[in-house]
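Written out below as structure tokens is the structure these notes cover.
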Amino acid sequence: MRCGSLQASNEQKYLKGAAILAAASIFVKIVGAIYKIPIFNILDDEGRGSFQVTYNVYTLLLTISTAGIPAAMSRLVSSANANGKTRLVKRYFSAALPAFIIIGLVAMLAMFVFADAFAGFMNDSLAAPGIRVLAPAVFFACIISVYRGYAQGHENMVPTAASQVLEVLSKTVFGIAAAVWLTSMGRAMHIVSAGAIMGVTVGLGLCVPLLIWYKRKMDRRLAGVADDSDELPGRLRVLGRLMKVSIPITLSASFMSIMTFIDTSVVLGRLQTGALMLTEAAARSEFGIYTLALTIYNLPPAIVVPISISIIPAIAAALAKGQSGDARSIMQSSVKLVNLIAMPAAAGLMVLATPILIALYGDSRQLTTTIMTILGAASYFASLQYISTAILQANGHERIALITFPIGAALKIALGYILAGNPNFGIIGSPIGTLACFIVISILNITFIIVRVKERPKFSGVFLRPLLCTAVMAGAAYLAYELLHWLGSGIIGAGRFAVILYLAVSIVLGIAVYGVMIIATRTVTMEDMKLVTKGEKLAKILRIR
């Protein structure tokens with residue numbers, strides 16, 4: 001009985017952490033969209049293209065610098081905490097921080113000094129100012145990653161969530177202000193783009209003192225905790241442990257950023273040298289159209305990322321204590337949760353692509369809608385890739401991603417090269433490559449989980465019912481929008497405001513239908529609700545058995 005109670009307690013703690021990060025991530029993405037919507041309405045297609053190219057360079061260096069350390073810190077700190085080794089916990093932090101300060105400085109200098117070279121390689125000569133503006137952001141992010149990983153290792157997701165909120169609010173305020181000011185001065189669009197992206201640097205810089213404060217607060221709580229550490233290893237040895245875990249994760253995560261970096265360069269190059277023979281400005285405009293859909297496509301995976309972050313320390317702690325049943329249950333509930341979130345979100349982006357683009361950007365071009373529809377499907381498989389990779393990492397199989405990611409990346413780049421140079425596809429080749437990439441990685445990851453993870457989750461019950469509920473929801477939302485548009489066009493018209501109204505009603509109806517379906521089909525059960533705080537009471541109200 002005690003074991004079952006402990007299992008439920010651990011899962012509730014994991015879900016609470018996931019809920020905190022998910023709530024913060026949803027808020028961050030909403031505010032991030034608010035940040036990008038006015039900026040993308042200020043910028044033309046060329047400006048949006050330069051904005052995205054700049055961000056891709058930043059993401060590559062950021063990922064190389066920071067991707068592995070939060071996961072490594074959270075996993076090792078969680079295991080040390082589970083075994084009462086508080087001095088070892090502190091040693092992990094004291095070894096990691098100076099090392100990543102140095103890494104951040106090197107990455108910052110590389111971005112600033114070689115900005116023109118990066119821009120040239122990306123086939124967008126106007127991206128250099130934005131790359132220089134983002135250089136300090138990589139330095140700040142390296143410091144932030146150590147602090148976030150340390151907090152996540154204590155299964156405390158509040159510092160990460162709070163810093164994310166501060167970052168996005170600062171980014172929004174400073175980025176929009178800079179874009180408006182530079183536009184009023186009549187500056188070129190690529191300079192306005194660089195000013196808008198400056199908010200990222202400011203936001204990350206402001207996160208550093210906040211996370212230092214949270215770290216000191218956590219350390220005061222640990223001051224009186226008994227320590228069961230054996231002989232404490234030296235800092236270099238501890239750093240070696242961190243690197244042993246973080247380097248494979250960094251390499252696997254970097255493959256995606258490297259893929260995006262190379263793919264952007266390849267696609268922009270092929271638009272200029274393939275059958276289309278576009279000018280650099282025209283190719284940049286095409287990429288700017290693609291960028292409009294990219295912003296929305298990132299929403300479902302962004303909600304999944306907090307779940308994937310939360311399960312790594314939760315599973316690691318359960319395995320360290322020998323609670324294999326607990327670990328299996330966490331893995332299964334996380335995959336089911338991702339399906340319940342990502343499937344309907346992806347379907348909604350696909351069936352409502354046109355009204356979403358009109359509502360946000362006033363863009364009704366068929367090209368943008370086509371890109372959005374393809375990326376909507378890709379968003380689900382990107383989400384599935386995140387959670388399946390996290391399960392592998394939490395079980396000590398982080399090197400498997402070194403196999404699956406390169407295969408997906410190679411496919412995306414190959415399809416981008418072939419299709420972008422084809423006049424029948426052009427820029428559409430890039431989202432097709434993205435979709436194919438994440439389908440392949442997801443299938444390979446799940447295959448490896450089935451083969452290599454001893455206490456693997458049971459996948460049979462976590463895919464079919466969410467898929468059925470999603471299909472009904474998508475059909476209801478699509479039919480509702482079409483009917484409202486047909487009936488309302490003669491009354492309030494078909495302008496942007498009217499589309500927003502029709503879209504809002506369709507989304508609300510779709511959510512309601514989805515809620516009814518997941519209860520009627522028992523997709524969500526009483527056992528699932530027990531894992532959520534006060535879930536049993538809610539289950540009784542909703543008559544979930």
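Identifiers for the structure tokens are assigned positionally: chains receive A, B, ... in sequence, residues are indexed from 1 per chain, and ligands are indexed from 1 in the order shown.
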
Long-range neighbours of A:Phe100 as a VMD selection string, 10 Å cut-off, only C-alpha atoms, 5 positions minimum in chain:
chain A and resid 65 to 66 69 95 105 to 106 139 to 146

Skip A:Glu286 itself and residues of its chain fewer than 6 positions away, then list as a PDB file with N, CA and C atoms, in the first residue's frame all residues within 12 Å of it, counting only C-alpha atoms.
ATOM      1  N   ASP A  44       8.175  43.574 -43.715  1.00  0.00           N
ATOM      2  CA  ASP A  44       7.672  42.956 -44.941  1.00  0.00           C
ATOM      3  C   ASP A  44       8.231  41.539 -45.028  1.00  0.00           C
ATOM      4  N   ASP A  45       7.958  40.842 -46.132  1.00  0.00           N
ATOM      5  CA  ASP A  45       8.424  39.460 -46.268  1.00  0.00           C
ATOM      6  C   ASP A  45       9.948  39.364 -46.178  1.00  0.00           C
ATOM      7  N   GLU A  46      10.648  40.332 -46.771  1.00  0.00           N
ATOM      8  CA  GLU A  46      12.118  40.327 -46.695  1.00  0.00           C
ATOM      9  C   GLU A  46      12.599  40.474 -45.259  1.00  0.00           C
ATOM     10  N   GLY A  47      11.990  41.399 -44.532  1.00  0.00           N
ATOM     11  CA  GLY A  47      12.385  41.619 -43.136  1.00  0.00           C
ATOM     12  C   GLY A  47      12.141  40.389 -42.286  1.00  0.00           C
ATOM     13  N   ARG A  48      11.005  39.720 -42.525  1.00  0.00           N
ATOM     14  CA  ARG A  48      10.711  38.491 -41.774  1.00  0.00           C
ATOM     15  C   ARG A  48      11.734  37.410 -42.100  1.00  0.00           C
ATOM     16  N   GLY A  49      12.130  37.344 -43.362  1.00  0.00           N
ATOM     17  CA  GLY A  49      13.146  36.366 -43.758  1.00  0.00           C
ATOM     18  C   GLY A  49      14.456  36.600 -43.031  1.00  0.00           C
ATOM     19  N   SER A  50      14.930  37.848 -42.984  1.00  0.00           N
ATOM     20  CA  SER A  50      16.174  38.170 -42.271  1.00  0.00           C
ATOM     21  C   SER A  50      16.043  37.872 -40.779  1.00  0.00           C
ATOM     22  N   GLN A  52      14.244  35.540 -39.336  1.00  0.00           N
ATOM     23  CA  GLN A  52      14.330  34.099 -39.095  1.00  0.00           C
ATOM     24  C   GLN A  52      15.733  33.567 -39.347  1.00  0.00           C
ATOM     25  N   THR A 264      18.255  25.970 -43.957  1.00  0.00           N
ATOM     26  CA  THR A 264      17.961  27.357 -44.328  1.00  0.00           C
ATOM     27  C   THR A 264      18.905  27.830 -45.418  1.00  0.00           C
ATOM     28  N   VAL A 267      18.067  25.879 -48.724  1.00  0.00           N
ATOM     29  CA  VAL A 267      16.811  26.310 -49.350  1.00  0.00           C
ATOM     30  C   VAL A 267      16.964  27.699 -49.968  1.00  0.00           C
ATOM     31  N   LEU A 268      17.558  28.641 -49.220  1.00  0.00           N
ATOM     32  CA  LEU A 268      17.768  29.982 -49.772  1.00  0.00           C
ATOM     33  C   LEU A 268      18.686  29.930 -50.990  1.00  0.00           C
ATOM     34  N   GLY A 269      19.711  29.080 -50.915  1.00  0.00           N
ATOM     35  CA  GLY A 269      20.621  28.936 -52.054  1.00  0.00           C
ATOM     36  C   GLY A 269      19.938  28.336 -53.266  1.00  0.00           C
ATOM     37  N   ARG A 270      19.136  27.284 -53.044  1.00  0.00           N
ATOM     38  CA  ARG A 270      18.460  26.616 -54.156  1.00  0.00           C
ATOM     39  C   ARG A 270      17.395  27.503 -54.802  1.00  0.00           C
ATOM     40  N   LEU A 271      16.747  28.343 -53.986  1.00  0.00           N
ATOM     41  CA  LEU A 271      15.786  29.284 -54.565  1.00  0.00           C
ATOM     42  C   LEU A 271      16.473  30.254 -55.524  1.00  0.00           C
ATOM     43  N   GLN A 272      17.750  30.525 -55.249  1.00  0.00           N
ATOM     44  CA  GLN A 272      18.495  31.476 -56.080  1.00  0.00           C
ATOM     45  C   GLN A 272      19.214  30.803 -57.251  1.00  0.00           C
ATOM     46  N   LEU A 276      14.096  28.098 -60.289  1.00  0.00           N
ATOM     47  CA  LEU A 276      13.399  29.371 -60.081  1.00  0.00           C
ATOM     48  C   LEU A 276      14.292  30.575 -60.353  1.00  0.00           C
ATOM     49  N   LEU A 278      15.714  32.859 -58.402  1.00  0.00           N
ATOM     50  CA  LEU A 278      15.279  34.091 -57.755  1.00  0.00           C
ATOM     51  C   LEU A 278      16.480  34.938 -57.353  1.00  0.00           C
ATOM     52  N   THR A 279      16.272  36.234 -57.222  1.00  0.00           N
ATOM     53  CA  THR A 279      17.301  37.108 -56.661  1.00  0.00           C
ATOM     54  C   THR A 279      17.396  36.860 -55.152  1.00  0.00           C
ATOM     55  N   GLU A 280      18.458  37.360 -54.508  1.00  0.00           N
ATOM     56  CA  GLU A 280      18.586  37.181 -53.063  1.00  0.00           C
ATOM     57  C   GLU A 280      17.393  37.806 -52.342  1.00  0.00           C
ATOM     58  N   LEU A 292       6.148  33.043 -41.428  1.00  0.00           N
ATOM     59  CA  LEU A 292       4.830  33.307 -40.836  1.00  0.00           C
ATOM     60  C   LEU A 292       4.223  32.029 -40.257  1.00  0.00           C
ATOM     61  N   ALA A 293       4.302  30.946 -41.008  1.00  0.00           N
ATOM     62  CA  ALA A 293       3.731  29.676 -40.544  1.00  0.00           C
ATOM     63  C   ALA A 293       4.595  29.034 -39.465  1.00  0.00           C
ATOM     64  N   LEU A 367      -0.129  30.006 -50.847  1.00  0.00           N
ATOM     65  CA  LEU A 367       1.194  29.482 -50.514  1.00  0.00           C
ATOM     66  C   LEU A 367       1.373  29.384 -49.002  1.00  0.00           C
ATOM     67  N   THR A 368       0.989  30.440 -48.282  1.00  0.00           N
ATOM     68  CA  THR A 368       1.126  30.436 -46.831  1.00  0.00           C
ATOM     69  C   THR A 368       0.232  29.376 -46.201  1.00  0.00           C
ATOM     70  N   ILE A 371       1.794  25.892 -46.698  1.00  0.00           N
ATOM     71  CA  ILE A 371       2.917  25.710 -45.770  1.00  0.00           C
ATOM     72  C   ILE A 371       2.395  25.446 -44.360  1.00  0.00           C
ATOM     73  N   ALA A 420      13.221  22.460 -53.217  1.00  0.00           N
ATOM     74  CA  ALA A 420      13.300  23.921 -53.316  1.00  0.00           C
ATOM     75  C   ALA A 420      13.783  24.365 -54.691  1.00  0.00           C
ATOM     76  N   PHE A 425       7.516  23.145 -56.469  1.00  0.00           N
ATOM     77  CA  PHE A 425       7.506  23.162 -55.009  1.00  0.00           C
ATOM     78  C   PHE A 425       8.084  24.455 -54.442  1.00  0.00           C
ATOM     79  N   GLY A 426       9.314  24.811 -54.812  1.00  0.00           N
ATOM     80  CA  GLY A 426       9.942  26.014 -54.272  1.00  0.00           C
ATOM     81  C   GLY A 426      10.066  25.941 -52.758  1.00  0.00           C
ATOM     82  N   ILE A 427       9.625  26.979 -52.062  1.00  0.00           N
ATOM     83  CA  ILE A 427       9.767  27.074 -50.612  1.00  0.00           C
ATOM     84  C   ILE A 427       8.945  26.004 -49.889  1.00  0.00           C
ATOM     85  N   ILE A 428       7.938  25.425 -50.544  1.00  0.00           N
ATOM     86  CA  ILE A 428       7.131  24.364 -49.931  1.00  0.00           C
ATOM     87  C   ILE A 428       7.988  23.130 -49.632  1.00  0.00           C
ATOM     88  N   GLY A 429       9.094  22.990 -50.317  1.00  0.00           N
ATOM     89  CA  GLY A 429       9.983  21.860 -50.063  1.00  0.00           C
ATOM     90  C   GLY A 429      10.504  21.818 -48.643  1.00  0.00           C
ATOM     91  N   SER A 430      10.671  22.989 -48.025  1.00  0.00           N
ATOM     92  CA  SER A 430      11.211  23.024 -46.669  1.00  0.00           C
ATOM     93  C   SER A 430      10.248  22.427 -45.643  1.00  0.00           C
TER      94      SER A 430
END

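Atom pair atom CA of A:Glu455 / atom CA of A:Ile312: separated by 14.8 Å.
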
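Near A:Val245, within 9 Å and counting only C-alpha atoms, sit Gly68, Ile69, Ala71, Ala72, Met73, Arg75, Leu76, Gly240, Thr250, Gly396 and Glu398 of chain A, not including residues fewer than 5 positions from it in the same chain.
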
Give me the residues near A:Thr172 as a ChimeraX atom specification, where near means some atom within 7 Å (using only C-alpha atoms) and where sequence neighbours in that chain fewer than 4 positions away do not count.
/A:32,35,168,176,199

How would the residues just picked look written out with N, CA and C atoms as a PDB file, in the first residue's frame?
ATOM      1  N   GLY A  32       4.951  35.464 -26.724  1.00  0.00           N
ATOM      2  CA  GLY A  32       5.886  35.438 -27.853  1.00  0.00           C
ATOM      3  C   GLY A  32       5.189  35.677 -29.176  1.00  0.00           C
ATOM      4  N   TYR A  35       4.391  39.202 -29.371  1.00  0.00           N
ATOM      5  CA  TYR A  35       5.638  39.899 -29.735  1.00  0.00           C
ATOM      6  C   TYR A  35       5.881  39.839 -31.240  1.00  0.00           C
ATOM      7  N   VAL A 168      10.372  36.485 -21.749  1.00  0.00           N
ATOM      8  CA  VAL A 168       9.474  36.791 -22.860  1.00  0.00           C
ATOM      9  C   VAL A 168       8.822  38.161 -22.706  1.00  0.00           C
ATOM     10  N   ILE A 176       9.455  45.171 -29.403  1.00  0.00           N
ATOM     11  CA  ILE A 176       8.449  45.960 -30.122  1.00  0.00           C
ATOM     12  C   ILE A 176       8.811  47.440 -30.090  1.00  0.00           C
ATOM     13  N   GLY A 199      15.439  42.446 -28.271  1.00  0.00           N
ATOM     14  CA  GLY A 199      14.693  42.132 -27.057  1.00  0.00           C
ATOM     15  C   GLY A 199      15.073  40.789 -26.462  1.00  0.00           C
TER      16      GLY A 199
END

Residue neighbourhood stretch 56-60 of chain A, 7 Å, only C-alpha atoms, exclusion window fewer than 5 positions, as number ranges by chain:
A: 131, 134, 254, 257-258, 260-261

For the selection you just gave me, I'd like the residues written to a file as a PDB file, in the first residue's frame, keeping C-alpha atoms.
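And here is the file that came out, selection_29.pdb:
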ATOM      1  CA  ILE A 131      23.503  38.229 -35.545  1.00  0.00           C
ATOM      2  CA  LEU A 134      22.136  38.466 -30.512  1.00  0.00           C
ATOM      3  CA  SER A 254      22.576  20.178 -32.021  1.00  0.00           C
ATOM      4  CA  SER A 257      19.814  23.124 -34.958  1.00  0.00           C
ATOM      5  CA  ILE A 258      22.546  22.205 -37.421  1.00  0.00           C
ATOM      6  CA  THR A 260      17.812  23.924 -39.514  1.00  0.00           C
ATOM      7  CA  PHE A 261      20.942  26.018 -40.070  1.00  0.00           C
TER       8      PHE A 261
END

Kindly indicate which residue among A:Tyr380, A:Tyr361, A:Phe448, A:Phe463 lies nearest to A:Ile500, using only C-alpha atoms for the distances.
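Residue with the minimum atom-to-atom distance to A:Ile500: A:Tyr361.
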